[in-house]
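**Q** Can you keep this structure in mind? I'll have questions shortly.
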Amino acid sequence: MGTVRIGAVPSVTAVLLPPVVQAFRAERPDVIIHIRDMDSTTVLREVEMQRIDIGIASGRGSLSSITTRPLFSDRFGVVCCAGHPLRDLTQPLQWDDLRPYTLISNATGAQIASPEFRAMDEAAHLRIRNTGSVLGMVRADVGITVLPKLTLDGQAHDLLFLPLADPAATRQVSILTRSQAELPPVSQMFERAIFDGVARRGRSHPDDFKIVEVCATTS
């Protein structure tokens, strides 16, 4: 018996965690698993407040009380509706290719350090926090947005993901735990299952999913 409390960004809960949970429950059907969707800032806060045992978030935590270990990275790309003119341009796209179009700013894009993108993002007149709402706007051809590849995996077959030429346009996703609090045994098992799931994903999607670390370092 036991309970595992997980907080993760939506792309992780929707794409990575389902096979992890399935494999884990095959071995430990007695464990109660609580999973919450949240943005990266909230994941960091909930780990700090000890309201979740394991967090999975974009970027790196900056708190000394939080242990941050890289899981994987995936590339950012331009997301647009199927009939958008960008699809006819030479790919991968340059940042300048985006300038004629309405950019929908989202929280995940804050990880992109490129000065060209930062200028466009800061000038955006439409800012949406929820990824589902962002995709809804893109689907309605309100504008385009820039999101990590995993965000669209299996969830937006009617939208296009166009690669970017900027090699720095990548997202790093990390696993977060409290530095001074040892995870309960059942949470350590689930953490191991997460790393195993990431390794499987990396083997099956080597072109757009890079494993940063494959071994958990729990004590």
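Letters A, B, ... go to the chains of the structure tokens in the order shown; residues in each chain start at 1; ligands are counted from 1 in the same order.
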Fewer than 5 positions away in the same chain doesn't count, so skip those; otherwise give me all residues within 12 Å of Thr177 of chain A, counting only C-alpha atoms, as JSON, numbers by chain.

**A** {"A": [5, 6, 7, 43, 44, 45, 46, 47, 48, 49, 50, 51, 52, 53, 54, 55, 56, 57, 60, 61, 63, 64, 65, 66, 67, 68, 69, 70, 182, 183, 184, 187, 188, 191, 216, 217, 218]}

**Q** Write the residues you've just listed into a file as a CSV table (one decimal), in the first residue's frame, and include C-alpha atoms for each of them.

**A**
```csv
chain,number,residue,atom,x,y,z
A,5,ARG,CA,1.6,12.3,-5.5
A,6,ILE,CA,2.8,13.6,-8.9
A,7,GLY,CA,2.7,17.0,-10.4
A,43,VAL,CA,5.2,22.2,-10.0
A,44,LEU,CA,8.2,23.9,-8.3
A,45,ARG,CA,6.0,25.5,-5.7
A,46,GLU,CA,4.1,22.3,-4.9
A,47,VAL,CA,7.3,20.3,-4.5
A,48,GLU,CA,8.7,23.1,-2.2
A,49,MET,CA,5.5,23.0,-0.1
A,50,GLN,CA,5.6,19.2,0.0
A,51,ARG,CA,2.1,18.9,-1.5
A,52,ILE,CA,3.5,16.6,-4.2
A,53,ASP,CA,6.3,14.0,-3.9
A,54,ILE,CA,7.6,14.1,-7.5
A,55,GLY,CA,7.5,17.0,-9.9
A,56,ILE,CA,8.2,17.0,-13.6
A,57,ALA,CA,8.7,20.4,-15.1
A,60,ARG,CA,15.6,23.9,-13.8
A,61,GLY,CA,14.5,24.7,-10.3
A,63,LEU,CA,15.6,26.7,-5.0
A,64,SER,CA,18.3,25.2,-2.8
A,65,SER,CA,15.7,23.0,-1.2
A,66,ILE,CA,14.8,21.3,-4.5
A,67,THR,CA,16.9,18.6,-6.2
A,68,THR,CA,16.6,18.9,-10.0
A,69,ARG,CA,17.7,16.2,-12.3
A,70,PRO,CA,17.4,16.4,-16.1
A,182,GLU,CA,14.0,11.1,1.3
A,183,LEU,CA,11.2,9.8,-0.9
A,184,PRO,CA,9.1,7.0,0.5
A,187,SER,CA,7.6,7.0,-4.5
A,188,GLN,CA,11.1,5.9,-5.3
A,191,GLU,CA,10.5,7.6,-9.9
A,216,ALA,CA,17.6,7.8,-11.1
A,217,THR,CA,19.9,8.6,-8.2
A,218,THR,CA,17.7,8.0,-5.3
```

**Q** What's the 12 Å shell around Arg25 of chain A, counting only C-alpha atoms, without same-chain residues fewer than 5 positions away, as a VMD selection string?

**A** chain A and resid 1 4 17 to 20 30 to 33 186 189 to 190 193

**Q** What lies within 12 Å of Gly197 of chain A using only C-alpha atoms, ignoring chain neighbours under 3 positions off, as a compact mmCIF listing (two decimals) with N, CA and C atoms, in the first residue's frame?

**A**
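Result file is selection-v3.txt:
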```txt
# COMPACT_ATOMS: atom_id res chain seq x y z
N VAL A 12 3.64 16.07 -20.38
CA VAL A 12 4.16 14.87 -19.71
C VAL A 12 3.01 14.00 -19.21
N VAL A 15 1.26 12.38 -22.41
CA VAL A 15 2.00 11.52 -23.34
C VAL A 15 2.92 10.54 -22.62
N LEU A 16 3.71 11.01 -21.69
CA LEU A 16 4.71 10.15 -21.05
C LEU A 16 4.17 9.31 -19.91
N LEU A 17 3.30 9.89 -19.09
CA LEU A 17 2.88 9.18 -17.89
C LEU A 17 1.93 8.01 -18.11
N PRO A 18 1.03 8.03 -19.10
CA PRO A 18 0.13 6.88 -19.25
C PRO A 18 0.83 5.53 -19.34
N PRO A 19 1.85 5.34 -20.20
CA PRO A 19 2.52 4.03 -20.21
C PRO A 19 3.31 3.76 -18.93
N VAL A 20 3.80 4.82 -18.28
CA VAL A 20 4.51 4.64 -17.00
C VAL A 20 3.55 4.12 -15.95
N VAL A 21 2.38 4.73 -15.87
CA VAL A 21 1.38 4.31 -14.88
C VAL A 21 0.91 2.88 -15.18
N GLN A 22 0.71 2.58 -16.44
CA GLN A 22 0.26 1.23 -16.81
C GLN A 22 1.27 0.18 -16.36
N ALA A 23 2.56 0.43 -16.63
CA ALA A 23 3.60 -0.53 -16.25
C ALA A 23 3.73 -0.63 -14.73
N PHE A 24 3.63 0.52 -14.06
CA PHE A 24 3.77 0.53 -12.60
C PHE A 24 2.62 -0.22 -11.94
N LEU A 71 15.67 15.04 -17.21
CA LEU A 71 15.06 13.82 -17.74
C LEU A 71 15.28 13.70 -19.24
N PHE A 72 14.84 14.73 -19.97
CA PHE A 72 14.94 14.69 -21.43
C PHE A 72 14.84 16.10 -21.98
N PHE A 190 8.18 4.61 -8.16
CA PHE A 190 7.52 5.31 -9.27
C PHE A 190 8.51 6.22 -9.99
N GLU A 191 9.42 6.82 -9.25
CA GLU A 191 10.45 7.64 -9.87
C GLU A 191 11.29 6.80 -10.83
N ARG A 192 11.65 5.60 -10.39
CA ARG A 192 12.40 4.70 -11.26
C ARG A 192 11.60 4.37 -12.51
N ALA A 193 10.29 4.19 -12.35
CA ALA A 193 9.43 3.89 -13.49
C ALA A 193 9.40 5.06 -14.47
N ILE A 194 9.47 6.29 -13.96
CA ILE A 194 9.50 7.46 -14.84
C ILE A 194 10.76 7.45 -15.69
N ARG A 200 12.49 4.41 -22.65
CA ARG A 200 11.74 3.74 -23.72
C ARG A 200 11.33 4.74 -24.79
N ARG A 201 10.87 5.90 -24.34
CA ARG A 201 10.45 6.94 -25.29
C ARG A 201 11.63 7.38 -26.16
N GLY A 202 12.78 7.53 -25.54
CA GLY A 202 13.97 7.95 -26.28
C GLY A 202 14.36 6.95 -27.35
N ARG A 203 14.21 5.67 -27.04
CA ARG A 203 14.55 4.64 -28.03
C ARG A 203 13.57 4.61 -29.20
N SER A 204 12.31 4.92 -28.92
CA SER A 204 11.30 4.85 -29.97
C SER A 204 11.16 6.15 -30.76
N ILE A 211 17.26 11.84 -24.56
CA ILE A 211 17.39 11.49 -23.15
C ILE A 211 18.59 12.22 -22.58
N GLU A 213 19.23 12.06 -19.07
CA GLU A 213 19.71 11.18 -18.00
C GLU A 213 18.77 10.00 -17.93
N VAL A 214 19.29 8.79 -17.75
CA VAL A 214 18.42 7.62 -17.74
C VAL A 214 18.45 6.88 -16.41
N CYS A 215 19.28 7.31 -15.48
CA CYS A 215 19.40 6.59 -14.22
C CYS A 215 18.97 7.47 -13.06
N ALA A 216 17.97 7.04 -12.32
CA ALA A 216 17.59 7.77 -11.12
C ALA A 216 18.69 7.62 -10.09
```

**Q** DSSP on the backbone: which residues in segment 8-173 of chain A end up as strand (DSSP E)? Give the answer as a PDB file with N, CA and C atoms, in the first residue's frame.

**A**
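File written: result.pdb
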```
ATOM      1  N   ALA A   8       2.936  17.458 -12.818  1.00  0.00           N
ATOM      2  CA  ALA A   8       3.725  17.509 -14.053  1.00  0.00           C
ATOM      3  C   ALA A   8       3.086  18.446 -15.067  1.00  0.00           C
ATOM      4  N   ILE A  32      -1.989   3.902  -4.563  1.00  0.00           N
ATOM      5  CA  ILE A  32      -2.847   5.001  -5.014  1.00  0.00           C
ATOM      6  C   ILE A  32      -1.960   6.059  -5.667  1.00  0.00           C
ATOM      7  N   ILE A  33      -2.309   6.455  -6.878  1.00  0.00           N
ATOM      8  CA  ILE A  33      -1.510   7.431  -7.621  1.00  0.00           C
ATOM      9  C   ILE A  33      -2.347   8.687  -7.861  1.00  0.00           C
ATOM     10  N   HIS A  34      -1.865   9.823  -7.376  1.00  0.00           N
ATOM     11  CA  HIS A  34      -2.504  11.112  -7.619  1.00  0.00           C
ATOM     12  C   HIS A  34      -1.659  11.876  -8.636  1.00  0.00           C
ATOM     13  N   ILE A  35      -2.252  12.272  -9.748  1.00  0.00           N
ATOM     14  CA  ILE A  35      -1.534  13.023 -10.781  1.00  0.00           C
ATOM     15  C   ILE A  35      -2.263  14.337 -11.029  1.00  0.00           C
ATOM     16  N   ARG A  36      -1.497  15.422 -11.008  1.00  0.00           N
ATOM     17  CA  ARG A  36      -2.075  16.749 -11.238  1.00  0.00           C
ATOM     18  C   ARG A  36      -1.353  17.446 -12.388  1.00  0.00           C
ATOM     19  N   ASP A  37      -2.143  17.995 -13.310  1.00  0.00           N
ATOM     20  CA  ASP A  37      -1.611  18.857 -14.373  1.00  0.00           C
ATOM     21  C   ASP A  37      -1.310  20.230 -13.799  1.00  0.00           C
ATOM     22  N   ILE A  54       6.777  14.083  -6.274  1.00  0.00           N
ATOM     23  CA  ILE A  54       7.626  14.147  -7.461  1.00  0.00           C
ATOM     24  C   ILE A  54       7.041  15.166  -8.424  1.00  0.00           C
ATOM     25  N   GLY A  55       7.881  16.064  -8.891  1.00  0.00           N
ATOM     26  CA  GLY A  55       7.466  17.031  -9.891  1.00  0.00           C
ATOM     27  C   GLY A  55       8.208  16.800 -11.197  1.00  0.00           C
ATOM     28  N   ILE A  56       7.538  17.065 -12.300  1.00  0.00           N
ATOM     29  CA  ILE A  56       8.177  16.993 -13.617  1.00  0.00           C
ATOM     30  C   ILE A  56       7.865  18.299 -14.323  1.00  0.00           C
ATOM     31  N   ALA A  57       8.910  19.094 -14.588  1.00  0.00           N
ATOM     32  CA  ALA A  57       8.700  20.449 -15.077  1.00  0.00           C
ATOM     33  C   ALA A  57       9.754  20.838 -16.097  1.00  0.00           C
ATOM     34  N   SER A  58       9.444  21.873 -16.851  1.00  0.00           N
ATOM     35  CA  SER A  58      10.392  22.419 -17.814  1.00  0.00           C
ATOM     36  C   SER A  58      11.402  23.308 -17.107  1.00  0.00           C
ATOM     37  N   ILE A  66      15.335  22.233  -3.477  1.00  0.00           N
ATOM     38  CA  ILE A  66      14.828  21.341  -4.515  1.00  0.00           C
ATOM     39  C   ILE A  66      15.984  20.685  -5.264  1.00  0.00           C
ATOM     40  N   THR A  67      15.935  19.364  -5.369  1.00  0.00           N
ATOM     41  CA  THR A  67      16.895  18.637  -6.199  1.00  0.00           C
ATOM     42  C   THR A  67      16.315  18.496  -7.602  1.00  0.00           C
ATOM     43  N   THR A  68      17.068  18.962  -8.590  1.00  0.00           N
ATOM     44  CA  THR A  68      16.618  18.943  -9.982  1.00  0.00           C
ATOM     45  C   THR A  68      17.530  18.051 -10.810  1.00  0.00           C
ATOM     46  N   ARG A  69      16.942  17.043 -11.469  1.00  0.00           N
ATOM     47  CA  ARG A  69      17.717  16.154 -12.325  1.00  0.00           C
ATOM     48  C   ARG A  69      17.099  16.112 -13.718  1.00  0.00           C
ATOM     49  N   PRO A  70      17.895  16.354 -14.745  1.00  0.00           N
ATOM     50  CA  PRO A  70      17.359  16.356 -16.111  1.00  0.00           C
ATOM     51  C   PRO A  70      16.793  14.990 -16.495  1.00  0.00           C
ATOM     52  N   LEU A  71      15.672  15.037 -17.208  1.00  0.00           N
ATOM     53  CA  LEU A  71      15.059  13.818 -17.742  1.00  0.00           C
ATOM     54  C   LEU A  71      15.282  13.704 -19.243  1.00  0.00           C
ATOM     55  N   PHE A  72      14.841  14.727 -19.973  1.00  0.00           N
ATOM     56  CA  PHE A  72      14.941  14.687 -21.425  1.00  0.00           C
ATOM     57  C   PHE A  72      14.845  16.103 -21.976  1.00  0.00           C
ATOM     58  N   SER A  73      15.151  16.224 -23.245  1.00  0.00           N
ATOM     59  CA  SER A  73      14.909  17.479 -23.944  1.00  0.00           C
ATOM     60  C   SER A  73      14.189  17.171 -25.249  1.00  0.00           C
ATOM     61  N   ASP A  74      13.358  18.101 -25.691  1.00  0.00           N
ATOM     62  CA  ASP A  74      12.727  17.983 -26.997  1.00  0.00           C
ATOM     63  C   ASP A  74      12.774  19.349 -27.674  1.00  0.00           C
ATOM     64  N   ARG A  75      12.598  19.346 -28.968  1.00  0.00           N
ATOM     65  CA  ARG A  75      12.797  20.574 -29.720  1.00  0.00           C
ATOM     66  C   ARG A  75      11.512  21.387 -29.822  1.00  0.00           C
ATOM     67  N   PHE A  76      11.670  22.692 -29.854  1.00  0.00           N
ATOM     68  CA  PHE A  76      10.556  23.587 -30.134  1.00  0.00           C
ATOM     69  C   PHE A  76      10.328  23.653 -31.639  1.00  0.00           C
ATOM     70  N   GLY A  77       9.088  23.931 -32.001  1.00  0.00           N
ATOM     71  CA  GLY A  77       8.754  24.147 -33.400  1.00  0.00           C
ATOM     72  C   GLY A  77       7.571  25.085 -33.499  1.00  0.00           C
ATOM     73  N   VAL A  78       7.274  25.501 -34.697  1.00  0.00           N
ATOM     74  CA  VAL A  78       6.132  26.378 -34.940  1.00  0.00           C
ATOM     75  C   VAL A  78       4.885  25.522 -35.125  1.00  0.00           C
ATOM     76  N   VAL A  79       3.839  25.860 -34.402  1.00  0.00           N
ATOM     77  CA  VAL A  79       2.567  25.148 -34.517  1.00  0.00           C
ATOM     78  C   VAL A  79       1.582  26.058 -35.238  1.00  0.00           C
ATOM     79  N   CYS A  80       0.991  25.554 -36.303  1.00  0.00           N
ATOM     80  CA  CYS A  80       0.048  26.350 -37.083  1.00  0.00           C
ATOM     81  C   CYS A  80      -1.042  25.443 -37.636  1.00  0.00           C
ATOM     82  N   CYS A  81      -2.101  26.042 -38.143  1.00  0.00           N
ATOM     83  CA  CYS A  81      -3.182  25.247 -38.725  1.00  0.00           C
ATOM     84  C   CYS A  81      -2.716  24.640 -40.047  1.00  0.00           C
ATOM     85  N   ILE A 104       1.059  33.804 -30.947  1.00  0.00           N
ATOM     86  CA  ILE A 104       0.378  33.595 -29.669  1.00  0.00           C
ATOM     87  C   ILE A 104       1.435  33.189 -28.653  1.00  0.00           C
ATOM     88  N   SER A 105       1.660  34.037 -27.669  1.00  0.00           N
ATOM     89  CA  SER A 105       2.675  33.769 -26.648  1.00  0.00           C
ATOM     90  C   SER A 105       2.150  32.753 -25.645  1.00  0.00           C
ATOM     91  N   LEU A 126      -1.287  38.678 -27.933  1.00  0.00           N
ATOM     92  CA  LEU A 126      -2.146  37.607 -27.420  1.00  0.00           C
ATOM     93  C   LEU A 126      -1.294  36.652 -26.600  1.00  0.00           C
ATOM     94  N   ARG A 127      -1.603  36.549 -25.308  1.00  0.00           N
ATOM     95  CA  ARG A 127      -0.825  35.716 -24.388  1.00  0.00           C
ATOM     96  C   ARG A 127      -1.774  34.749 -23.683  1.00  0.00           C
ATOM     97  N   THR A 145       1.938  29.612 -32.912  1.00  0.00           N
ATOM     98  CA  THR A 145       2.620  29.601 -31.623  1.00  0.00           C
ATOM     99  C   THR A 145       3.871  28.730 -31.734  1.00  0.00           C
ATOM    100  N   VAL A 146       4.682  28.759 -30.698  1.00  0.00           N
ATOM    101  CA  VAL A 146       5.905  27.959 -30.647  1.00  0.00           C
ATOM    102  C   VAL A 146       5.825  27.069 -29.416  1.00  0.00           C
ATOM    103  N   LEU A 147       5.873  25.752 -29.632  1.00  0.00           N
ATOM    104  CA  LEU A 147       5.709  24.788 -28.549  1.00  0.00           C
ATOM    105  C   LEU A 147       6.687  23.625 -28.733  1.00  0.00           C
ATOM    106  N   PRO A 148       6.952  22.883 -27.658  1.00  0.00           N
ATOM    107  CA  PRO A 148       7.796  21.683 -27.778  1.00  0.00           C
ATOM    108  C   PRO A 148       7.067  20.578 -28.537  1.00  0.00           C
ATOM    109  N   LEU A 159      -3.172  19.817 -36.690  1.00  0.00           N
ATOM    110  CA  LEU A 159      -2.248  20.948 -36.686  1.00  0.00           C
ATOM    111  C   LEU A 159      -0.886  20.520 -37.223  1.00  0.00           C
ATOM    112  N   LEU A 160      -0.122  21.492 -37.689  1.00  0.00           N
ATOM    113  CA  LEU A 160       1.221  21.228 -38.203  1.00  0.00           C
ATOM    114  C   LEU A 160       2.275  21.625 -37.177  1.00  0.00           C
ATOM    115  N   PHE A 161       3.334  20.835 -37.112  1.00  0.00           N
ATOM    116  CA  PHE A 161       4.512  21.169 -36.311  1.00  0.00           C
ATOM    117  C   PHE A 161       5.665  21.344 -37.280  1.00  0.00           C
ATOM    118  N   LEU A 162       6.160  22.576 -37.398  1.00  0.00           N
ATOM    119  CA  LEU A 162       7.214  22.890 -38.355  1.00  0.00           C
ATOM    120  C   LEU A 162       8.514  23.149 -37.608  1.00  0.00           C
ATOM    121  N   PRO A 163       9.573  22.428 -37.930  1.00  0.00           N
ATOM    122  CA  PRO A 163      10.832  22.558 -37.190  1.00  0.00           C
ATOM    123  C   PRO A 163      11.484  23.923 -37.383  1.00  0.00           C
ATOM    124  N   THR A 170      15.310  24.416 -27.775  1.00  0.00           N
ATOM    125  CA  THR A 170      14.985  23.136 -27.156  1.00  0.00           C
ATOM    126  C   THR A 170      14.464  23.362 -25.746  1.00  0.00           C
ATOM    127  N   ARG A 171      13.660  22.435 -25.296  1.00  0.00           N
ATOM    128  CA  ARG A 171      13.131  22.471 -23.932  1.00  0.00           C
ATOM    129  C   ARG A 171      13.788  21.371 -23.122  1.00  0.00           C
ATOM    130  N   GLN A 172      14.202  21.704 -21.928  1.00  0.00           N
ATOM    131  CA  GLN A 172      14.696  20.675 -21.010  1.00  0.00           C
ATOM    132  C   GLN A 172      13.637  20.404 -19.953  1.00  0.00           C
ATOM    133  N   VAL A 173      13.342  19.150 -19.749  1.00  0.00           N
ATOM    134  CA  VAL A 173      12.373  18.735 -18.735  1.00  0.00           C
ATOM    135  C   VAL A 173      13.116  17.966 -17.650  1.00  0.00           C
TER     136      VAL A 173
END
```

**Q** Between A:Gly2, A:Pro10, A:Gly143, A:Pro185, which is the closest to Arg99 of chain A once you count only C-alpha atoms?

**A**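 Using only C-alpha atoms, the shortest distance to Arg99 of chain A belongs to A:Gly143.
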
**Q** Considering only C-alpha atoms, can you say which of A:Ala82, A:His205, A:Gln94, A:Arg178 comes closest to Asp158 of chain A?

**A**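 Among the listed residues, the smallest separation from Asp158 of chain A belongs to A:Ala82.
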
**Q** Hey, which of A:Phe117, A:Asp153, A:Gly83, A:Thr13 ends up closest to Ala140 of chain A? Count only C-alpha atoms.

**A**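 Looking at the shortest contact to Ala140 of chain A, the residue is A:Gly83.
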
**Q** I'd like to know which of A:Asn130, A:Thr102, A:Thr108, A:Gln155 is closest to Val142 of chain A, using only C-alpha atoms.

**A** A:Thr102

**Q** Set the distance at 8 Å and use only C-alpha atoms: which residues neighbour Ala168 of chain A once local chain neighbours fewer than 3 positions away are removed? I'd like the list as a VMD selection string.

**A** chain A and resid 112 to 114

**Q** Between atom CA of Ala107 of chain A and atom CA of Thr90 of chain A, what distance in Å does the model show, to one decimal?

**A** 27.3 Å

**Q** Enumerate, as a list in words, the complete set of residues in segment 19-78 of chain A that a backbone-based DSSP assignment places in helix (DSSP H, G or I).

**A**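 Restricting segment 19-78 of chain A to helix (DSSP H, G or I) produces Pro19, Val20, Val21, Gln22, Ala23, Phe24, Arg25, Ala26, Glu27, Ser40, Thr41, Thr42, Val43, Leu44, Arg45, Glu46, Val47 and Glu48 of chain A.
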
**Q** Output C-alpha atoms of each residue in that selection to a file, as a PDB file, in the first residue's frame.

**A**
```
ATOM      1  CA  PRO A  19       2.523   4.034 -20.206  1.00  0.00           C
ATOM      2  CA  VAL A  20       4.506   4.643 -17.004  1.00  0.00           C
ATOM      3  CA  VAL A  21       1.377   4.306 -14.883  1.00  0.00           C
ATOM      4  CA  GLN A  22       0.263   1.232 -16.812  1.00  0.00           C
ATOM      5  CA  ALA A  23       3.598  -0.530 -16.246  1.00  0.00           C
ATOM      6  CA  PHE A  24       3.767   0.531 -12.602  1.00  0.00           C
ATOM      7  CA  ARG A  25       0.235  -0.638 -11.809  1.00  0.00           C
ATOM      8  CA  ALA A  26       0.963  -4.019 -13.360  1.00  0.00           C
ATOM      9  CA  GLU A  27       3.473  -4.531 -10.543  1.00  0.00           C
ATOM     10  CA  SER A  40       6.304  24.462 -14.342  1.00  0.00           C
ATOM     11  CA  THR A  41       6.135  27.311 -11.831  1.00  0.00           C
ATOM     12  CA  THR A  42       3.352  25.556  -9.941  1.00  0.00           C
ATOM     13  CA  VAL A  43       5.223  22.235 -10.019  1.00  0.00           C
ATOM     14  CA  LEU A  44       8.209  23.895  -8.344  1.00  0.00           C
ATOM     15  CA  ARG A  45       6.015  25.496  -5.696  1.00  0.00           C
ATOM     16  CA  GLU A  46       4.099  22.307  -4.930  1.00  0.00           C
ATOM     17  CA  VAL A  47       7.320  20.325  -4.469  1.00  0.00           C
ATOM     18  CA  GLU A  48       8.671  23.067  -2.205  1.00  0.00           C
TER      19      GLU A  48
END
```

**Q** Tell me, in Å to one decimal, how far atom CA of Val9 of chain A is from atom CA of Gly132 of chain A.

**A**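 Interatomic distance here is 12.0 Å.
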
**Q** Could you check how far atom CA of His125 of chain A sits from atom CA of Leu103 of chain A, in Å to one decimal?

**A**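 Interatomic distance here is 7.9 Å.
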
**Q** From the options A:Asp207, A:Ala123, A:Pro29, A:Asp196, which residue's atoms come nearest to Thr3 of chain A, counting only C-alpha atoms?

**A**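 So, comparing all the options, the nearest one is A:Pro29.
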
**Q** Contacts of Trp95 of chain A at 9 Å or less, counting only C-alpha atoms, minus same-chain residues fewer than 4 places along, as a VMD selection string?

**A** chain A and resid 99 116 to 117 120 164 to 166

**Q** Can I get the selection written as a PDB file, in the first residue's frame, with N, CA and C atoms?

**A**
```pdb
ATOM      1  N   ARG A  99       7.710  36.513 -38.576  1.00  0.00           N
ATOM      2  CA  ARG A  99       7.375  37.919 -38.328  1.00  0.00           C
ATOM      3  C   ARG A  99       6.082  38.398 -38.983  1.00  0.00           C
ATOM      4  N   GLU A 116      16.036  36.979 -31.156  1.00  0.00           N
ATOM      5  CA  GLU A 116      15.024  37.188 -32.192  1.00  0.00           C
ATOM      6  C   GLU A 116      13.650  36.753 -31.704  1.00  0.00           C
ATOM      7  N   PHE A 117      13.599  35.586 -31.073  1.00  0.00           N
ATOM      8  CA  PHE A 117      12.312  35.115 -30.573  1.00  0.00           C
ATOM      9  C   PHE A 117      11.845  35.938 -29.388  1.00  0.00           C
ATOM     10  N   MET A 120      10.041  39.015 -30.495  1.00  0.00           N
ATOM     11  CA  MET A 120       8.708  38.733 -31.026  1.00  0.00           C
ATOM     12  C   MET A 120       7.742  38.348 -29.919  1.00  0.00           C
ATOM     13  N   LEU A 164      12.261  24.313 -36.384  1.00  0.00           N
ATOM     14  CA  LEU A 164      13.003  25.570 -36.401  1.00  0.00           C
ATOM     15  C   LEU A 164      14.484  25.303 -36.636  1.00  0.00           C
ATOM     16  N   ALA A 165      15.148  26.235 -37.306  1.00  0.00           N
ATOM     17  CA  ALA A 165      16.573  26.074 -37.594  1.00  0.00           C
ATOM     18  C   ALA A 165      17.447  26.348 -36.377  1.00  0.00           C
ATOM     19  N   ASP A 166      16.960  27.134 -35.438  1.00  0.00           N
ATOM     20  CA  ASP A 166      17.743  27.526 -34.267  1.00  0.00           C
ATOM     21  C   ASP A 166      18.041  26.301 -33.399  1.00  0.00           C
TER      22      ASP A 166
END
```
